[in-house]
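A.B. asks: Would you mind keeping the following structure in view while I ask a few things?
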Amino acid sequence: MTPILEVKNIRKHYANHVALNDVSLIVEPQKIFGLLGPNGAGKTSLIRIINQITGPDSGEVLFNGERLSPKHVDFIGYLPEERGLYKKMSVGEQVMYLAQLKGLKKNDAKAKLTEWFKKFEIENWWDKKIEELSKGMQQKIQFIVTVLHEPQLLILDEPFSGFDPINAQLIKREILELRDKGATIIFSTHNMGSVEELCDNIALINKAEKLLDGTVKDIRKTYKSSTYHITFRGNLIGFTNAIWAGAEILDKKSEEDVHTVTVKMMRQNKPNDLLQAVLSHAEILSFNEIIPSMNDIFISVVENKQALNTQSSFTE
Amino acid sequence: MNKLLLIIQREYFSRVKKKSFLLMTILGPLLMAGVMIVPVWLGLRDKTDHQVLVLDRSGAFVDKIPNTKELKFFYGSDQLANAKKKLADGPYDLVLELHYDLINGEKATPYLYYDKDPGMSAKQYISNTLENILFDYRLQGDSIDRVKIDKARRPVTLIATKVEDGKDKKVNTELNMLVGFACAIAIYFMIFLYGSQVMRGVIEEKTNRIVEIIVSSVKPFQLMLGKIIGVALVGLTQFVLWVVLTLIISTTVTSTLFKDQISDKVKQNGQVEQVMKNDILANSDKMQKVDTPNEVINMFNYAETLNIPLIIGCFAFYFLIGYLLYAALFASVGSAVDSEADTQQFILPITVPMVFGFIIAQTVVTNPNSGIAQFFSIFPLTSPIVMMVRLPFGVPLWELITSMILLVAGFLFFTWLAGKIYRTGILMYGKKASWKEIGKWLFYKA
């Protein structure tokens, strides 16, 4: 299957700094792709290049295998992080205008908008001015405008900022529904919780470079460090002695005679070896592997990279 | 192209539908009509009668100062102090004291005392009349016939005629100046009025944060161009409405409200003139006659000497292209700042050439074909103003065409330049741009 979007060796620099340094990505169709990275990493620069708002210094972007060109604009929906609407314009006029700018015919736009307004139960907003709406309400309008022309590729930059939990849930549902209907979504955020919940694939960018990409499942697997939580009833000292050199205890918590310990396997030991060693000393209540959260991975990758960078700058 | 049309539509209708547009469209002509009507109205209103007590110590002026509608002269011999006391409660509200010295002395002057200032024209009338009476008096004393003097001193009127292709051509310099400056001022104001509207629109989009949504659908350049053209159409609409409304208002008001007064006033002026002619200036009004109404009429008789279609065509051209050029610059300023308060430092360089054009225009009027006039009427940033001032005086065709071509070239160049600043500027938030930075934006890849 041709990837819907292929970013090849993109380089972009501004006067004083490099925004993107040889970044390549592949976005598979009908997937939710998380574009992660700390502030100033280059995410927005990359998104603007994909939206043809700016152009790269070198490298190319392919959309459905074709070189990106102005005709593709109508197949992409973009919800920028810095977003707003004309304050003095009425909701109806505004959404009609933005929909037509995306290439929709007047009648189609009207029909689709009516549908969406009904879905979000906001039909009575049509004649209101934007300045009369709350920020959350405006975000809803923006979301509708972004998805209205049924884009093949949706680019959402921090889509949940400004939403209360209920509306955030509503938007999440819509995003998943859109994917199931065939859309591909690039999703840029700092909220790692929503990444785990929604994303199929991610790429992590820091300081203009891509550090990591792959499916969320694989990445979390790669980053797990064979650590386990064990909760048991019994004697903590007996337990510690029993595991001896097979594993290292990283953390422990005790409540009367119930103990929870975090252990890290040493050498090639398997969980079963550990269990066998401790079974006669403790009553095992629970045993589970710790899979690192995206949050942990994000922090460790970004910080490691920084640590490496400072190290290399010392040796130089 | 279709999207550009959509943008133009939005820019146009969102402005035309605003209340402020309606207000300006109505207020504009009222103001303009006001400027035309108020002076007339004030002139008509200002006809308070003055009773002047003349204390003529020599007796030479008694009954010789002709009354006018506003000024009635009475003669008496009161003490000055007594006369002054009566000023406040009448019947006289002006006291004119003419010393005996006035007839003989070289430097003696008449004195006028008032309770309420009678105004410039009354004072002017009194001093002119006294001067004339004194003139006659002295001539009589020296037994000189005034008629002879008038004959000896005939006014000379120089008739300057422009010759074109061996044929005489009528030209009126005042009219040329009037037309040229009127066009230049109109262009100047409209460029600033609508140029700054473009700028404000750009700032609004930037602070609203809607701009990134829009430029993901259209090219930044299209958005800028759409805004500039949309505002230009607003300007044209407003201009046409202004002209029509101003004409309607000023003609109806003057023809209905002031009809009687105006004809009165004209008659009145005629009468005064008649009185003056008969009584004092009987033989000598030729040299002093300044007949304003006739001069204005004369000036408009020369209207046929102007190439009106050319002037209107050029006005439309220089206004439109000049506006487009400057509006692009205004748009780039709007894109570089976060709020209107920050625009000052960037607007100055835009204003300078325009104001400079006006300064040049002053010298152009005195010498329409000087090197300076030629240069600045061809230079794109000043040509919309300077060329309009020169045009009524006649401009060689090649200069006009060069000027127009360069203006179009300038428009294309500056729009291109502004587009580069614009597309980077609109996406820069919360950062105050410096000149150096804007310079760098010019070299970013699109």
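Going by the structure tokens order, chains are called A, B, ..., each with residues numbered from 1, while ligands are numbered from 1 in the order shown.
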May I have the residues of chain A within 8 Å of chain B, counting only C-alpha atoms, written as JSON, numbers by chain?
C.D. replies: {"A": [14, 15, 51, 52, 53, 54, 55, 56, 57, 73, 74, 78, 79, 80, 82, 83, 84, 85, 86, 87, 89, 97, 98, 100, 101, 102, 103]}
A.B. asks: Please identify all polymer residues within 8 Å of segment 291-295 of chain A, counting only C-alpha atoms, omitting same-chain residues fewer than 3 positions from it, and present them as a list in words.
C.D. replies: Met192, Gly193, Val195, Glu196, Arg220, Lys221, Tyr223, Lys224, Phe298 and Ile299 of chain A
A.B. asks: Can you write just those residues out, C-alpha atoms, as an mmCIF file, in the first residue's frame?
C.D. replies:
```cif
data_model
loop_
_atom_site.group_PDB
_atom_site.id
_atom_site.type_symbol
_atom_site.label_atom_id
_atom_site.label_comp_id
_atom_site.auth_asym_id
_atom_site.auth_seq_id
_atom_site.Cartn_x
_atom_site.Cartn_y
_atom_site.Cartn_z
ATOM 1 C CA MET A 192 1.187 11.562 26.028
ATOM 2 C CA GLY A 193 -1.916 10.038 27.554
ATOM 3 C CA VAL A 195 -1.035 9.436 22.297
ATOM 4 C CA GLU A 196 -1.261 6.005 23.949
ATOM 5 C CA ARG A 220 6.898 0.517 24.130
ATOM 6 C CA LYS A 221 8.149 -3.057 23.758
ATOM 7 C CA TYR A 223 11.791 0.456 25.686
ATOM 8 C CA LYS A 224 10.681 -1.963 28.327
ATOM 9 C CA PHE A 298 9.467 10.697 25.607
ATOM 10 C CA ILE A 299 11.365 12.016 28.603
#
```
A.B. asks: Skipping near chain neighbours, those fewer than 6 positions away, what residues fall within 6 Å of Arg233 of chain A using only C-alpha atoms, listed as a list in words?
C.D. replies: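 Neighbouring residues, sequence-local ones excluded: Asp257, Val258, Ala282 and Glu283 of chain A.
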A.B. asks: Deliver the residues from the most recent selection as a file, using N, CA and C atoms, as a short mmCIF file (atom, residue, chain, number, x, y, z; two decimals), in the first residue's frame.
C.D. replies:
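Result went into result23.cif, see below:
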```
data_model
loop_
_atom_site.label_atom_id
_atom_site.label_comp_id
_atom_site.auth_asym_id
_atom_site.auth_seq_id
_atom_site.Cartn_x
_atom_site.Cartn_y
_atom_site.Cartn_z
N ASP A 257 1.70 -6.70 56.15
CA ASP A 257 2.53 -7.78 55.59
C ASP A 257 2.36 -7.93 54.08
N VAL A 258 1.72 -6.92 53.45
CA VAL A 258 1.61 -6.95 51.99
C VAL A 258 2.67 -6.01 51.41
N ALA A 282 6.76 -16.61 49.65
CA ALA A 282 5.73 -15.58 49.69
C ALA A 282 4.48 -16.01 48.96
N GLU A 283 3.37 -15.41 49.36
CA GLU A 283 2.11 -15.67 48.69
C GLU A 283 1.93 -14.58 47.63
#
```
A.B. asks: Could you name the residues that touch segment 74-83 of chain B at 12 Å or less, counting only C-alpha atoms, but leaving out those on the same chain fewer than 3 positions away, as JSON, numbers by chain?
C.D. replies: {"B": [50, 51, 52, 53, 54, 55, 56, 57, 58, 59, 60, 61, 62, 63, 64, 65, 66, 67, 71, 86, 87, 88, 89, 90, 91, 92, 93, 94, 95, 96, 97, 98, 99, 111, 112, 113, 114, 115]}
A.B. asks: Suppose we keep N, CA and C atoms; can you now write the selection as an mmCIF file, in the first residue's frame?
C.D. replies:
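See selection.cif below for the written result:
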```cif
data_model
loop_
_atom_site.group_PDB
_atom_site.id
_atom_site.type_symbol
_atom_site.label_atom_id
_atom_site.label_comp_id
_atom_site.auth_asym_id
_atom_site.auth_seq_id
_atom_site.Cartn_x
_atom_site.Cartn_y
_atom_site.Cartn_z
ATOM 1 N N HIS B 50 -24.176 97.879 12.247
ATOM 2 C CA HIS B 50 -23.372 98.686 13.166
ATOM 3 C C HIS B 50 -23.745 100.154 12.981
ATOM 4 N N GLN B 51 -23.965 100.793 14.088
ATOM 5 C CA GLN B 51 -24.196 102.243 14.058
ATOM 6 C C GLN B 51 -22.887 102.898 14.457
ATOM 7 N N VAL B 52 -22.323 103.651 13.519
ATOM 8 C CA VAL B 52 -21.006 104.229 13.777
ATOM 9 C C VAL B 52 -21.148 105.727 14.057
ATOM 10 N N LEU B 53 -20.650 106.118 15.201
ATOM 11 C CA LEU B 53 -20.627 107.547 15.516
ATOM 12 C C LEU B 53 -19.287 108.099 15.076
ATOM 13 N N VAL B 54 -19.322 109.023 14.139
ATOM 14 C CA VAL B 54 -18.074 109.592 13.630
ATOM 15 C C VAL B 54 -17.825 110.926 14.327
ATOM 16 N N LEU B 55 -16.717 111.016 15.036
ATOM 17 C CA LEU B 55 -16.350 112.283 15.679
ATOM 18 C C LEU B 55 -15.324 112.964 14.783
ATOM 19 N N ASP B 56 -15.814 113.718 13.841
ATOM 20 C CA ASP B 56 -14.929 114.327 12.840
ATOM 21 C C ASP B 56 -14.520 115.719 13.309
ATOM 22 N N ARG B 57 -13.298 115.862 13.786
ATOM 23 C CA ARG B 57 -12.844 117.139 14.354
ATOM 24 C C ARG B 57 -12.562 118.184 13.272
ATOM 25 N N SER B 58 -12.304 117.720 12.057
ATOM 26 C CA SER B 58 -11.980 118.686 11.005
ATOM 27 C C SER B 58 -13.212 119.100 10.208
ATOM 28 N N GLY B 59 -14.209 118.241 10.218
ATOM 29 C CA GLY B 59 -15.404 118.513 9.426
ATOM 30 C C GLY B 59 -15.264 118.128 7.972
ATOM 31 N N ALA B 60 -14.109 117.643 7.594
ATOM 32 C CA ALA B 60 -13.874 117.334 6.184
ATOM 33 C C ALA B 60 -14.570 116.054 5.741
ATOM 34 N N PHE B 61 -14.919 115.207 6.712
ATOM 35 C CA PHE B 61 -15.480 113.911 6.340
ATOM 36 C C PHE B 61 -16.992 113.855 6.482
ATOM 37 N N VAL B 62 -17.573 114.907 7.035
ATOM 38 C CA VAL B 62 -18.990 114.855 7.348
ATOM 39 C C VAL B 62 -19.815 114.521 6.111
ATOM 40 N N ASP B 63 -20.675 113.506 6.269
ATOM 41 C CA ASP B 63 -21.567 113.034 5.211
ATOM 42 C C ASP B 63 -20.840 112.511 3.981
ATOM 43 N N LYS B 64 -19.571 112.277 4.114
ATOM 44 C CA LYS B 64 -18.847 111.787 2.933
ATOM 45 C C LYS B 64 -18.596 110.278 2.973
ATOM 46 N N ILE B 65 -18.822 109.671 4.147
ATOM 47 C CA ILE B 65 -18.603 108.226 4.231
ATOM 48 C C ILE B 65 -19.907 107.525 3.871
ATOM 49 N N PRO B 66 -19.912 106.779 2.768
ATOM 50 C CA PRO B 66 -21.171 106.162 2.351
ATOM 51 C C PRO B 66 -21.585 105.027 3.286
ATOM 52 N N ASN B 67 -22.902 104.991 3.568
ATOM 53 C CA ASN B 67 -23.431 103.901 4.389
ATOM 54 C C ASN B 67 -23.462 102.608 3.585
ATOM 55 N N LEU B 71 -23.087 98.974 7.853
ATOM 56 C CA LEU B 71 -22.505 100.126 8.544
ATOM 57 C C LEU B 71 -23.293 101.404 8.244
ATOM 58 N N LYS B 86 -21.072 105.653 26.117
ATOM 59 C CA LYS B 86 -22.345 105.231 25.518
ATOM 60 C C LYS B 86 -22.229 103.935 24.719
ATOM 61 N N LEU B 87 -20.964 103.557 24.446
ATOM 62 C CA LEU B 87 -20.766 102.391 23.572
ATOM 63 C C LEU B 87 -21.555 101.152 23.994
ATOM 64 N N ALA B 88 -21.476 100.872 25.299
ATOM 65 C CA ALA B 88 -22.058 99.619 25.779
ATOM 66 C C ALA B 88 -23.568 99.550 25.568
ATOM 67 N N ASP B 89 -24.290 100.720 25.808
ATOM 68 C CA ASP B 89 -25.748 100.621 25.725
ATOM 69 C C ASP B 89 -26.378 101.421 24.586
ATOM 70 N N GLY B 90 -25.595 101.720 23.550
ATOM 71 C CA GLY B 90 -26.145 102.262 22.318
ATOM 72 C C GLY B 90 -26.519 103.719 22.386
ATOM 73 N N PRO B 91 -27.072 104.261 21.360
ATOM 74 C CA PRO B 91 -27.455 103.580 20.122
ATOM 75 C C PRO B 91 -26.253 103.229 19.250
ATOM 76 N N TYR B 92 -25.105 103.858 19.506
ATOM 77 C CA TYR B 92 -23.945 103.569 18.644
ATOM 78 C C TYR B 92 -23.125 102.450 19.232
ATOM 79 N N ASP B 93 -22.656 101.541 18.374
ATOM 80 C CA ASP B 93 -21.764 100.513 18.909
ATOM 81 C C ASP B 93 -20.344 100.634 18.368
ATOM 82 N N LEU B 94 -20.127 101.651 17.551
ATOM 83 C CA LEU B 94 -18.754 101.923 17.105
ATOM 84 C C LEU B 94 -18.527 103.424 17.174
ATOM 85 N N VAL B 95 -17.339 103.787 17.603
ATOM 86 C CA VAL B 95 -17.005 105.213 17.597
ATOM 87 C C VAL B 95 -15.756 105.391 16.757
ATOM 88 N N LEU B 96 -15.856 106.268 15.764
ATOM 89 C CA LEU B 96 -14.704 106.523 14.891
ATOM 90 C C LEU B 96 -14.248 107.947 15.145
ATOM 91 N N GLU B 97 -13.040 108.100 15.668
ATOM 92 C CA GLU B 97 -12.543 109.447 15.945
ATOM 93 C C GLU B 97 -11.534 109.867 14.891
ATOM 94 N N LEU B 98 -11.833 110.988 14.233
ATOM 95 C CA LEU B 98 -10.937 111.485 13.191
ATOM 96 C C LEU B 98 -10.375 112.821 13.680
ATOM 97 N N HIS B 99 -9.107 112.815 14.005
ATOM 98 C CA HIS B 99 -8.479 114.040 14.513
ATOM 99 C C HIS B 99 -8.351 115.085 13.420
ATOM 100 N N TYR B 111 -9.007 106.606 14.658
ATOM 101 C CA TYR B 111 -9.158 105.626 15.734
ATOM 102 C C TYR B 111 -10.569 105.085 15.750
ATOM 103 N N LEU B 112 -10.679 103.776 15.883
ATOM 104 C CA LEU B 112 -11.990 103.149 15.971
ATOM 105 C C LEU B 112 -12.109 102.477 17.342
ATOM 106 N N TYR B 113 -13.222 102.776 18.037
ATOM 107 C CA TYR B 113 -13.449 102.152 19.341
ATOM 108 C C TYR B 113 -14.688 101.276 19.245
ATOM 109 N N TYR B 114 -14.615 100.118 19.842
ATOM 110 C CA TYR B 114 -15.782 99.234 19.736
ATOM 111 C C TYR B 114 -16.044 98.507 21.047
ATOM 112 N N ASP B 115 -17.291 98.057 21.131
ATOM 113 C CA ASP B 115 -17.672 97.214 22.264
ATOM 114 C C ASP B 115 -17.545 95.756 21.849
#
```
A.B. asks: What separation in Å, quoted to one decimal, exists between atom CA of Asn9 of chain A and atom CA of Ile185 of chain A?
C.D. replies: 21.1 Å
A.B. asks: Taking only C-alpha atoms into account, name the residue in A:Ala41, A:Ser188, A:Ile144, A:Glu177 that is nearest to Phe160 of chain A.
C.D. replies: A:Ser188
A.B. asks: Can you list, as a PDB file with C-alpha atoms, in the first residue's frame, every protein, DNA or RNA residue that comes within 10 Å of Ile175 of chain A when you count only C-alpha atoms, leaving out same-chain residues fewer than 6 positions away?
C.D. replies:
```pdb
ATOM      1  CA  ILE A  32      -3.409   7.842  13.505  1.00  0.00           C
ATOM      2  CA  VAL A 147     -12.955  18.056   8.767  1.00  0.00           C
ATOM      3  CA  LEU A 154      -6.105  15.437   8.740  1.00  0.00           C
ATOM      4  CA  LEU A 156      -4.371  18.215  14.114  1.00  0.00           C
ATOM      5  CA  GLN A 169     -14.085  12.956  24.611  1.00  0.00           C
ATOM      6  CA  LYS A 181     -14.154   5.911   7.643  1.00  0.00           C
ATOM      7  CA  ALA A 183      -9.051   9.243   6.910  1.00  0.00           C
ATOM      8  CA  THR A 184      -5.456   9.377   8.016  1.00  0.00           C
ATOM      9  CA  ILE A 185      -4.647  11.594  10.937  1.00  0.00           C
ATOM     10  CA  PHE A 187      -1.729  14.244  15.495  1.00  0.00           C
ATOM     11  CA  LEU A 198      -5.246   7.140  20.014  1.00  0.00           C
TER      12      LEU A 198
END
```
